[in-house]
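model_12.pdb follows (PDB, C-alpha atoms and all ligand atoms):
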```pdb
ATOM      1  CA  MET A  36     -47.646 -56.592  -2.851
ATOM      2  CA  LEU A  37     -45.046 -53.884  -2.315
ATOM      3  CA  GLU A  38     -41.522 -54.551  -3.552
ATOM      4  CA  LEU A  39     -38.417 -52.376  -3.540
ATOM      5  CA  TYR A  40     -35.380 -52.888  -5.739
ATOM      6  CA  HIS A  41     -32.543 -51.105  -4.001
ATOM      7  CA  ALA A  42     -28.839 -51.062  -3.258
ATOM      8  CA  GLU A  43     -27.115 -50.232   0.034
ATOM      9  CA  PRO A  44     -28.785 -47.820   2.495
ATOM     10  CA  VAL A  45     -27.030 -44.832   0.914
ATOM     11  CA  ALA A  46     -27.940 -42.137  -1.608
ATOM     12  CA  ASN A  47     -31.207 -42.593  -3.547
ATOM     13  CA  SER A  48     -31.845 -46.105  -2.206
ATOM     14  CA  MET A  49     -31.576 -44.713   1.330
ATOM     15  CA  LYS A  50     -34.181 -42.014   0.609
ATOM     16  CA  VAL A  51     -36.831 -44.651  -0.099
ATOM     17  CA  LEU A  52     -35.708 -47.215   2.508
ATOM     18  CA  LEU A  53     -35.946 -44.425   5.071
ATOM     19  CA  CYS A  54     -39.467 -43.494   3.972
ATOM     20  CA  LEU A  55     -40.659 -47.116   4.167
ATOM     21  CA  LYS A  56     -39.066 -47.663   7.581
ATOM     22  CA  GLU A  57     -40.364 -44.361   8.999
ATOM     23  CA  LYS A  58     -43.844 -45.248   7.760
ATOM     24  CA  LYS A  59     -43.461 -48.779   9.185
ATOM     25  CA  ILE A  60     -44.548 -50.314   5.871
ATOM     26  CA  ASP A  61     -43.684 -53.953   5.141
ATOM     27  CA  PHE A  62     -42.132 -54.584   1.746
ATOM     28  CA  VAL A  63     -40.276 -57.273  -0.152
ATOM     29  CA  SER A  64     -36.636 -56.239  -0.482
ATOM     30  CA  HIS A  65     -34.738 -57.029  -3.709
ATOM     31  CA  TYR A  66     -31.080 -56.163  -3.250
ATOM     32  CA  VAL A  67     -29.400 -55.041  -6.487
ATOM     33  CA  ASP A  68     -25.609 -55.315  -6.360
ATOM     34  CA  LEU A  69     -24.321 -52.186  -8.125
ATOM     35  CA  MET A  70     -20.706 -53.331  -7.712
ATOM     36  CA  ARG A  71     -21.579 -56.330  -9.886
ATOM     37  CA  PHE A  72     -23.491 -54.074 -12.327
ATOM     38  CA  GLU A  73     -26.704 -56.054 -11.755
ATOM     39  CA  GLN A  74     -28.643 -52.836 -12.527
ATOM     40  CA  HIS A  75     -27.627 -53.222 -16.194
ATOM     41  CA  GLU A  76     -28.678 -56.870 -16.492
ATOM     42  CA  PRO A  77     -31.514 -57.388 -19.026
ATOM     43  CA  ALA A  78     -33.834 -58.711 -16.266
ATOM     44  CA  PHE A  79     -33.485 -55.474 -14.278
ATOM     45  CA  VAL A  80     -33.578 -53.163 -17.320
ATOM     46  CA  ALA A  81     -36.878 -54.831 -18.197
ATOM     47  CA  ILE A  82     -38.210 -53.404 -14.899
ATOM     48  CA  ASN A  83     -36.492 -49.993 -15.097
ATOM     49  CA  PRO A  84     -35.279 -49.131 -18.618
ATOM     50  CA  ASN A  85     -32.948 -46.521 -17.055
ATOM     51  CA  GLY A  86     -31.033 -49.332 -15.308
ATOM     52  CA  GLN A  87     -31.014 -47.552 -11.941
ATOM     53  CA  VAL A  88     -32.222 -48.119  -8.401
ATOM     54  CA  PRO A  89     -34.405 -47.516  -6.450
ATOM     55  CA  VAL A  90     -37.515 -48.973  -8.080
ATOM     56  CA  LEU A  91     -40.821 -49.539  -6.308
ATOM     57  CA  VAL A  92     -43.210 -52.155  -7.661
ATOM     58  CA  HIS A  93     -46.693 -51.912  -6.160
ATOM     59  CA  ASP A  94     -49.109 -54.653  -7.203
ATOM     60  CA  GLY A  95     -47.220 -54.874 -10.484
ATOM     61  CA  ALA A  96     -47.071 -51.092 -11.137
ATOM     62  CA  VAL A  97     -43.513 -49.798 -11.532
ATOM     63  CA  ILE A  98     -42.605 -46.441  -9.942
ATOM     64  CA  THR A  99     -39.137 -44.955 -10.426
ATOM     65  CA  GLU A 100     -37.372 -41.759  -9.236
ATOM     66  CA  SER A 101     -36.734 -41.698  -5.491
ATOM     67  CA  THR A 102     -38.425 -38.326  -4.863
ATOM     68  CA  VAL A 103     -41.516 -39.419  -6.794
ATOM     69  CA  ILE A 104     -41.521 -42.801  -5.037
ATOM     70  CA  ASN A 105     -41.595 -41.077  -1.639
ATOM     71  CA  GLU A 106     -44.497 -38.828  -2.738
ATOM     72  CA  TYR A 107     -46.300 -41.925  -3.994
ATOM     73  CA  LEU A 108     -45.756 -43.746  -0.683
ATOM     74  CA  ASP A 109     -47.110 -40.714   1.150
ATOM     75  CA  ASP A 110     -50.208 -40.698  -1.094
ATOM     76  CA  VAL A 111     -50.899 -44.407  -0.841
ATOM     77  CA  PHE A 112     -49.934 -44.958   2.819
ATOM     78  CA  PRO A 113     -51.125 -41.760   4.537
ATOM     79  CA  ALA A 114     -51.388 -43.182   8.095
ATOM     80  CA  ILE A 115     -48.078 -41.548   9.047
ATOM     81  CA  PRO A 116     -48.017 -38.420   6.821
ATOM     82  CA  PHE A 117     -44.769 -36.798   5.698
ATOM     83  CA  ARG A 118     -46.190 -33.750   3.928
ATOM     84  CA  PRO A 119     -47.076 -30.671   5.949
ATOM     85  CA  ALA A 120     -50.803 -29.963   6.270
ATOM     86  CA  ASN A 121     -50.130 -26.270   5.592
ATOM     87  CA  MET A 122     -50.027 -25.781   1.804
ATOM     88  CA  VAL A 123     -47.375 -23.042   1.911
ATOM     89  CA  ASP A 124     -45.086 -25.333   3.928
ATOM     90  CA  ARG A 125     -45.888 -28.111   1.470
ATOM     91  CA  ALA A 126     -44.855 -25.923  -1.468
ATOM     92  CA  HIS A 127     -41.634 -24.974   0.365
ATOM     93  CA  MET A 128     -40.951 -28.665   0.944
ATOM     94  CA  ARG A 129     -41.285 -29.360  -2.787
ATOM     95  CA  VAL A 130     -39.013 -26.460  -3.706
ATOM     96  CA  TRP A 131     -36.394 -27.832  -1.307
ATOM     97  CA  ASN A 132     -36.739 -31.364  -2.715
ATOM     98  CA  LYS A 133     -36.272 -29.944  -6.209
ATOM     99  CA  PHE A 134     -33.102 -28.150  -5.084
ATOM    100  CA  VAL A 135     -31.799 -31.405  -3.580
ATOM    101  CA  ASP A 136     -32.458 -33.265  -6.860
ATOM    102  CA  ASP A 137     -31.202 -30.518  -9.185
ATOM    103  CA  VAL A 138     -28.233 -29.079  -7.282
ATOM    104  CA  TYR A 139     -27.206 -30.787  -4.014
ATOM    105  CA  THR A 140     -27.244 -34.436  -5.152
ATOM    106  CA  PRO A 141     -25.548 -33.914  -8.557
ATOM    107  CA  ALA A 142     -22.775 -31.893  -6.842
ATOM    108  CA  LEU A 143     -22.136 -34.641  -4.281
ATOM    109  CA  SER A 144     -22.407 -37.303  -6.950
ATOM    110  CA  MET A 145     -19.730 -35.677  -9.151
ATOM    111  CA  ILE A 146     -17.270 -35.549  -6.261
ATOM    112  CA  GLY A 147     -18.142 -39.144  -5.326
ATOM    113  CA  TRP A 148     -17.537 -40.372  -8.867
ATOM    114  CA  HIS A 149     -14.240 -38.501  -9.059
ATOM    115  CA  THR A 150     -12.991 -39.709  -5.685
ATOM    116  CA  LEU A 151     -14.331 -43.245  -5.421
ATOM    117  CA  VAL A 152     -15.901 -44.652  -8.594
ATOM    118  CA  ARG A 153     -12.776 -43.520 -10.433
ATOM    119  CA  ARG A 154     -10.682 -45.936  -8.335
ATOM    120  CA  ILE A 155     -12.801 -48.794  -9.645
ATOM    121  CA  ALA A 156     -13.047 -47.476 -13.213
ATOM    122  CA  VAL A 157      -9.295 -47.046 -13.823
ATOM    123  CA  ASN A 158      -8.693 -50.664 -12.809
ATOM    124  CA  ILE A 159     -11.133 -52.131 -15.310
ATOM    125  CA  GLU A 160      -9.369 -53.502 -18.363
ATOM    126  CA  LYS A 161     -10.216 -51.400 -21.481
ATOM    127  CA  GLY A 162     -11.996 -54.190 -23.403
ATOM    128  CA  LYS A 163     -14.063 -55.101 -20.335
ATOM    129  CA  LEU A 164     -14.895 -51.398 -19.771
ATOM    130  CA  ALA A 165     -16.170 -51.062 -23.344
ATOM    131  CA  GLU A 166     -18.366 -54.125 -22.749
ATOM    132  CA  LEU A 167     -19.751 -52.656 -19.509
ATOM    133  CA  LEU A 168     -20.356 -49.242 -21.107
ATOM    134  CA  ALA A 169     -22.264 -50.806 -23.977
ATOM    135  CA  ARG A 170     -24.787 -52.256 -21.495
ATOM    136  CA  ILE A 171     -25.531 -48.957 -19.692
ATOM    137  CA  PRO A 172     -28.885 -47.641 -20.943
ATOM    138  CA  LEU A 173     -28.492 -43.954 -19.953
ATOM    139  CA  LYS A 174     -26.052 -41.876 -22.001
ATOM    140  CA  GLU A 175     -25.406 -39.647 -18.958
ATOM    141  CA  GLN A 176     -24.248 -42.691 -16.946
ATOM    142  CA  ARG A 177     -22.118 -44.019 -19.840
ATOM    143  CA  ASP A 178     -20.474 -40.596 -20.076
ATOM    144  CA  LYS A 179     -19.756 -40.525 -16.322
ATOM    145  CA  TRP A 180     -18.022 -43.928 -16.445
ATOM    146  CA  ALA A 181     -16.021 -42.890 -19.511
ATOM    147  CA  THR A 182     -15.059 -39.610 -17.797
ATOM    148  CA  VAL A 183     -13.813 -41.183 -14.560
ATOM    149  CA  ALA A 184     -12.055 -43.986 -16.453
ATOM    150  CA  GLY A 185     -10.197 -41.263 -18.391
ATOM    151  CA  ASP A 186      -9.017 -37.840 -17.190
ATOM    152  CA  SER A 187     -12.023 -37.405 -14.870
ATOM    153  CA  PHE A 188     -13.732 -34.082 -14.138
ATOM    154  CA  THR A 189     -11.791 -30.822 -14.372
ATOM    155  CA  GLU A 190     -10.626 -28.832 -11.332
ATOM    156  CA  GLU A 191     -13.169 -26.142 -12.295
ATOM    157  CA  GLN A 192     -16.048 -28.644 -12.380
ATOM    158  CA  LEU A 193     -15.035 -30.118  -9.023
ATOM    159  CA  ALA A 194     -14.639 -26.666  -7.446
ATOM    160  CA  ASP A 195     -18.089 -25.710  -8.715
ATOM    161  CA  SER A 196     -19.577 -28.866  -7.169
ATOM    162  CA  LYS A 197     -17.892 -28.101  -3.853
ATOM    163  CA  ARG A 198     -19.298 -24.552  -4.037
ATOM    164  CA  LYS A 199     -22.781 -26.040  -4.523
ATOM    165  CA  LEU A 200     -22.293 -28.309  -1.501
ATOM    166  CA  GLY A 201     -21.369 -25.222   0.537
ATOM    167  CA  ILE A 202     -24.546 -23.473  -0.618
ATOM    168  CA  SER A 203     -26.629 -26.574   0.211
ATOM    169  CA  VAL A 204     -25.353 -26.890   3.742
ATOM    170  CA  GLN A 205     -25.712 -23.143   4.380
ATOM    171  CA  LYS A 206     -29.311 -23.245   3.135
ATOM    172  CA  MET A 207     -29.973 -26.106   5.553
ATOM    173  CA  GLU A 208     -28.359 -24.167   8.399
ATOM    174  CA  ALA A 209     -30.717 -21.246   7.747
ATOM    175  CA  MET A 210     -33.765 -23.577   7.527
ATOM    176  CA  LEU A 211     -32.833 -25.268  10.814
ATOM    177  CA  LYS A 212     -32.036 -22.067  12.766
ATOM    178  CA  ASN A 213     -35.397 -22.041  14.521
ATOM    179  CA  SER A 214     -36.788 -25.512  13.902
ATOM    180  CA  ASP A 215     -35.927 -29.150  14.542
ATOM    181  CA  TYR A 216     -36.673 -30.242  10.974
ATOM    182  CA  LEU A 217     -36.179 -28.677   7.564
ATOM    183  CA  ILE A 218     -39.758 -27.538   6.998
ATOM    184  CA  GLY A 219     -41.440 -25.727   9.876
ATOM    185  CA  ASN A 220     -40.723 -28.167  12.715
ATOM    186  CA  GLN A 221     -42.579 -31.061  11.113
ATOM    187  CA  PHE A 222     -40.616 -34.140  10.048
ATOM    188  CA  SER A 223     -41.290 -34.367   6.306
ATOM    189  CA  LEU A 224     -40.194 -35.768   2.950
ATOM    190  CA  ALA A 225     -37.623 -32.960   2.925
ATOM    191  CA  ASP A 226     -35.769 -34.562   5.861
ATOM    192  CA  LEU A 227     -36.085 -38.043   4.328
ATOM    193  CA  ASN A 228     -34.725 -36.851   0.999
ATOM    194  CA  THR A 229     -31.797 -34.916   2.483
ATOM    195  CA  TYR A 230     -30.444 -37.273   5.144
ATOM    196  CA  SER A 231     -28.314 -39.520   2.919
ATOM    197  CA  ASN A 232     -26.532 -36.540   1.333
ATOM    198  CA  THR A 233     -25.748 -34.908   4.647
ATOM    199  CA  ALA A 234     -25.102 -37.681   7.193
ATOM    200  CA  SER A 235     -21.388 -37.954   6.335
ATOM    201  CA  LEU A 236     -20.704 -34.539   4.844
ATOM    202  CA  ASP A 237     -18.797 -33.379   7.957
ATOM    203  CA  ARG A 238     -16.330 -36.258   7.435
ATOM    204  CA  LEU A 239     -15.887 -35.426   3.752
ATOM    205  CA  PHE A 240     -15.806 -31.652   3.993
ATOM    206  CA  PRO A 241     -15.087 -30.541   7.570
ATOM    207  CA  ASP A 242     -14.442 -27.038   6.199
ATOM    208  CA  LEU A 243     -18.079 -26.845   4.966
ATOM    209  CA  MET A 244     -19.870 -28.681   7.770
ATOM    210  CA  ASN A 245     -18.600 -28.374  11.337
ATOM    211  CA  PRO A 246     -19.904 -27.383  14.794
ATOM    212  CA  THR A 247     -18.874 -23.731  14.335
ATOM    213  CA  ALA A 248     -20.080 -23.088  10.773
ATOM    214  CA  THR A 249     -23.180 -25.334  10.806
ATOM    215  CA  PRO A 250     -24.199 -26.234  14.397
ATOM    216  CA  CYS A 251     -27.881 -26.612  13.460
ATOM    217  CA  VAL A 252     -27.099 -29.052  10.616
ATOM    218  CA  ILE A 253     -24.884 -31.129  12.943
ATOM    219  CA  ALA A 254     -27.686 -31.217  15.551
ATOM    220  CA  TRP A 255     -30.213 -32.189  12.830
ATOM    221  CA  VAL A 256     -28.038 -35.152  11.721
ATOM    222  CA  GLU A 257     -27.831 -36.293  15.358
ATOM    223  CA  ARG A 258     -31.620 -35.924  15.698
ATOM    224  CA  MET A 259     -32.100 -37.946  12.499
ATOM    225  CA  ASN A 260     -29.611 -40.637  13.605
ATOM    226  CA  ALA A 261     -31.629 -41.168  16.787
ATOM    227  CA  ARG A 262     -34.855 -41.940  14.897
ATOM    228  CA  PRO A 263     -35.815 -45.653  14.895
ATOM    229  CA  GLY A 264     -36.693 -45.456  11.188
ATOM    230  CA  VAL A 265     -33.203 -44.188  10.341
ATOM    231  CA  GLN A 266     -31.618 -46.944  12.416
ATOM    232  CA  ALA A 267     -33.819 -49.591  10.770
ATOM    233  CA  ALA A 268     -32.882 -48.311   7.296
ATOM    234  CA  LEU A 269     -29.181 -48.250   8.170
ATOM    235  CA  ALA A 270     -29.457 -51.879   9.324
ATOM    236  CA  MET A 271     -30.375 -53.012   5.782
ATOM    237  CA  PRO A 272     -27.729 -55.154   3.970
ATOM    238  CA  ASN A 273     -24.545 -53.307   3.151
ATOM    239  CA  LYS A 274     -21.796 -55.004   1.175
ATOM    240  CA  VAL A 275     -20.007 -51.824   0.169
ATOM    241  CA  PRO A 276     -16.764 -50.860   1.913
ATOM    242  CA  ASP A 277     -17.092 -48.030   4.422
ATOM    243  CA  ALA A 278     -15.164 -45.588   2.226
ATOM    244  CA  LEU A 279     -17.727 -45.936  -0.541
ATOM    245  CA  ARG A 280     -20.716 -45.688   1.743
ATOM    246  CA  VAL A 281     -20.532 -41.922   2.141
ATOM    247  CA  PHE A 282     -21.355 -41.420  -1.540
ATOM    248  CA  GLY A 283     -24.041 -42.733  -3.796
ATOM    249  CA  ALA A 284     -22.252 -44.196  -6.781
TER     250      ALA A 284
HETATM  251  N1  LIG B 301     -33.005 -39.742 -10.335
HETATM  252  C1  LIG B 301     -32.892 -41.098  -9.882
HETATM  253  C2  LIG B 301     -31.417 -41.415  -9.794
HETATM  254  C3  LIG B 301     -31.178 -42.863  -9.396
HETATM  255  C4  LIG B 301     -29.692 -43.148  -9.263
HETATM  256  O1  LIG B 301     -28.811 -42.317  -9.538
HETATM  257  N2  LIG B 301     -29.408 -44.366  -8.818
HETATM  258  C5  LIG B 301     -28.047 -44.787  -8.635
HETATM  259  C6  LIG B 301     -27.818 -45.276  -7.205
HETATM  260  S1  LIG B 301     -28.002 -43.978  -6.041
HETATM  261  C7  LIG B 301     -27.777 -45.964  -9.551
HETATM  262  O2  LIG B 301     -28.630 -46.797  -9.792
HETATM  263  N3  LIG B 301     -26.534 -46.026 -10.036
HETATM  264  C8  LIG B 301     -26.073 -47.088 -10.842
HETATM  265  C9  LIG B 301     -26.076 -46.776 -12.305
HETATM  266  O3  LIG B 301     -26.564 -45.701 -12.712
HETATM  267  O4  LIG B 301     -25.550 -47.605 -13.053
HETATM  268  C10 LIG B 301     -33.585 -41.260  -8.522
HETATM  269  O5  LIG B 301     -33.654 -40.279  -7.775
HETATM  270  O6  LIG B 301     -34.088 -42.356  -8.225
END
```
Could you show the structure in this file as structure tokens?
Amino acid sequence: MLELYHAEPVANSMKVLLCLKEKKIDFVSHYVDLMRFEQHEPAFVAINPNGQVPVLVHDGAVITESTVINEYLDDVFPAIPFRPANMVDRAHMRVWNKFVDDVYTPALSMIGWHTLVRRIAVNIEKGKLAELLARIPLKEQRDKWATVAGDSFTEEQLADSKRKLGISVQKMEAMLKNSDYLIGNQFSLADLNTYSNTASLDRLFPDLMNPTATPCVIAWVERMNARPGVQAALAMPNKVPDALRVFGA
């Protein structure tokens, strides 16, 4: 049996939902309500000690980390392959996925926490916040909550994240100059892993992503939006207000 613990079709949950839908794989969906902090409940932490989604459970085996989950799905369900046959392209795909995990996603995440999670954090009563923090397994996540509940990130940190978003979108523009998808014209894990970060970036940062500066990225998002797998993933349950949907909290 294949089960996925996930939140809304955004951010890291979206990466894996998209892969499953594009591969047309049936799975049992377990919705984890992040707004109710269900990811820190003992029952969920028993499945993923990091207290984070997404989590794939395949015949009882637990797989975490969205990028790794998508590689695993491509290994185990190869009928519709999402890794280029050419090994150089495959290596380039992995380098891009590493950049997305190491640079692009953390930059977007910091701005999302500052802009949106902060609004929730500052309204939590101090005693309740301490209780919630005590249940978060990862120190990095505890620190993020404490930061946005306090003075939040500095102007320098936020400017650096915006700079990294600019670099990310310019790299994509160059990759898409002469091809429909990020790696050599073949739809791959690179596209799956990048969609959720980029789909709404033009709304958030029109100065970084717009038809003049990044026409190829805009066309790629439209191409992605038209894919049945993307539409099926976007149709998954979504309880989060629209404003929050553009970021992965
Ligand atoms: N590196 C992990 C990161 C997972 C992650 O950041 N998950 C977020 C949702 S996109 C989460 O569970 N946030 C809630 C929390 O950390 O409490 C992955 O790629 O799967």
* Give me the result of the PyMOL selection byres (((chain A and resi 43-54) around 6) and not hetatm) on this file, residue by residue, as a ChimeraX atom specification. => /A:41-42,55-57,89,101,227-228,231,265,268-269,273,283
File dump, residues just selected, C-alpha atoms, as a CSV table (one decimal), keeping the file's coordinate frame:
```
chain,number,residue,atom,x,y,z
A,41,HIS,CA,-32.5,-51.1,-4.0
A,42,ALA,CA,-28.8,-51.1,-3.3
A,55,LEU,CA,-40.7,-47.1,4.2
A,56,LYS,CA,-39.1,-47.7,7.6
A,57,GLU,CA,-40.4,-44.4,9.0
A,89,PRO,CA,-34.4,-47.5,-6.4
A,101,SER,CA,-36.7,-41.7,-5.5
A,227,LEU,CA,-36.1,-38.0,4.3
A,228,ASN,CA,-34.7,-36.9,1.0
A,231,SER,CA,-28.3,-39.5,2.9
A,265,VAL,CA,-33.2,-44.2,10.3
A,268,ALA,CA,-32.9,-48.3,7.3
A,269,LEU,CA,-29.2,-48.2,8.2
A,273,ASN,CA,-24.5,-53.3,3.2
A,283,GLY,CA,-24.0,-42.7,-3.8
```
* **Among listed residues A:Pro172, A:Gly201, A:Gly95, A:Gly219, nearest Asp237 (chain A) (using all atoms listed in the file)** =>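 Counting all atoms listed in the file, the residue closest to Asp237 (chain A) is A:Gly201.
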* Pick the closest to ligand LIG 301 (chain B) from A:Asp242, A:Glu208, A:Glu100, A:Asp178: which is it, counting all atoms listed in the file? -> A:Glu100
* Using the chain letters and numbers from the file, which residues does the PyMOL selection byres (((chain A and resi 118-128) around 9) and not hetatm) grab, as a PyMOL selection string? -> chain A and resi 106+109+116-117+129-133+217-219+221-225
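Residues with any atom within 9 Å of Leu193 (chain A), counting all atoms listed in the file and excluding same-chain neighbours fewer than 2 positions away, are A:Ala142, A:Met145, A:Ile146, A:His149, A:Phe188, A:Thr189, A:Glu190, A:Glu191, A:Asp195, A:Ser196, A:Lys197, A:Arg198.
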* To do: Between CA of Glu175 (chain A) and CA of Leu69 (chain A), measure the distance and give it in Å to one decimal.
  =>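 CA of Leu69 (chain A) lies 16.6 Å from CA of Glu175 (chain A).
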Selection in question (the file shown): the PyMOL selection byres (((chain A and resi 245) around 12) and not hetatm). Which residues does it include, as a CSV table (one decimal) with C-alpha atoms, keeping the file's coordinate frame?
```
chain,number,residue,atom,x,y,z
A,201,GLY,CA,-21.4,-25.2,0.5
A,204,VAL,CA,-25.4,-26.9,3.7
A,205,GLN,CA,-25.7,-23.1,4.4
A,208,GLU,CA,-28.4,-24.2,8.4
A,233,THR,CA,-25.7,-34.9,4.6
A,235,SER,CA,-21.4,-38.0,6.3
A,236,LEU,CA,-20.7,-34.5,4.8
A,237,ASP,CA,-18.8,-33.4,8.0
A,238,ARG,CA,-16.3,-36.3,7.4
A,239,LEU,CA,-15.9,-35.4,3.8
A,240,PHE,CA,-15.8,-31.7,4.0
A,241,PRO,CA,-15.1,-30.5,7.6
A,242,ASP,CA,-14.4,-27.0,6.2
A,243,LEU,CA,-18.1,-26.8,5.0
A,244,MET,CA,-19.9,-28.7,7.8
A,246,PRO,CA,-19.9,-27.4,14.8
A,247,THR,CA,-18.9,-23.7,14.3
A,248,ALA,CA,-20.1,-23.1,10.8
A,249,THR,CA,-23.2,-25.3,10.8
A,250,PRO,CA,-24.2,-26.2,14.4
A,251,CYS,CA,-27.9,-26.6,13.5
A,252,VAL,CA,-27.1,-29.1,10.6
A,253,ILE,CA,-24.9,-31.1,12.9
A,254,ALA,CA,-27.7,-31.2,15.6
A,256,VAL,CA,-28.0,-35.2,11.7
```
Provide an axis-aligned box for all listed atoms of ligand LIG 301 (chain B), padding each side by 8 Å; report its centre and its edge lengths in Å to one decimal, as lines of an AutoDock Vina configuration file.
```
center_x = -29.8
center_y = -43.7
center_z = -9.5
size_x = 24.5
size_y = 23.9
size_z = 23.0
```
* Between A:Thr150, A:Ser64, A:Gln176, A:Gln192, which one has atoms that come closest to ligand LIG 301 (chain B), using all atoms listed in the file? ->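 That would be A:Gln176, the residue with the smallest distance to ligand LIG 301 (chain B).
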* To do: Find the distance between CA of Tyr66 (chain A) and atom O2 of ligand LIG 301 (chain B) and write it in Å to one decimal.
  => 11.7 Å
* **Counting only C-alpha atoms and all ligand atoms, the option among A:Val138, A:Ala96, A:Leu173, A:Val63 closest to ligand LIG 301 (chain B)** =>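 For ligand LIG 301 (chain B), the nearest of the candidates is A:Leu173.
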* Rounded to one decimal in Å, what is the spacing between CA of Asn158 (chain A) and atom S1 of ligand LIG 301 (chain B)? ->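 For CA of Asn158 (chain A) relative to atom S1 of ligand LIG 301 (chain B), the distance reads 21.5 Å.
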* Structure fact -> Residue with the minimum atom-to-atom distance to ligand LIG 301 (chain B), picked from A:Phe72, A:Tyr139, A:Phe62, A:Trp148 with only C-alpha atoms and all ligand atoms counted, is A:Phe72
* Of the candidates A:Tyr40, A:Tyr230, A:Phe112, A:Trp255, which one gets nearest to ligand LIG 301 (chain B) if we count all atoms listed in the file? ->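 With all atoms listed in the file as the atom set, the closest residue is A:Tyr40.
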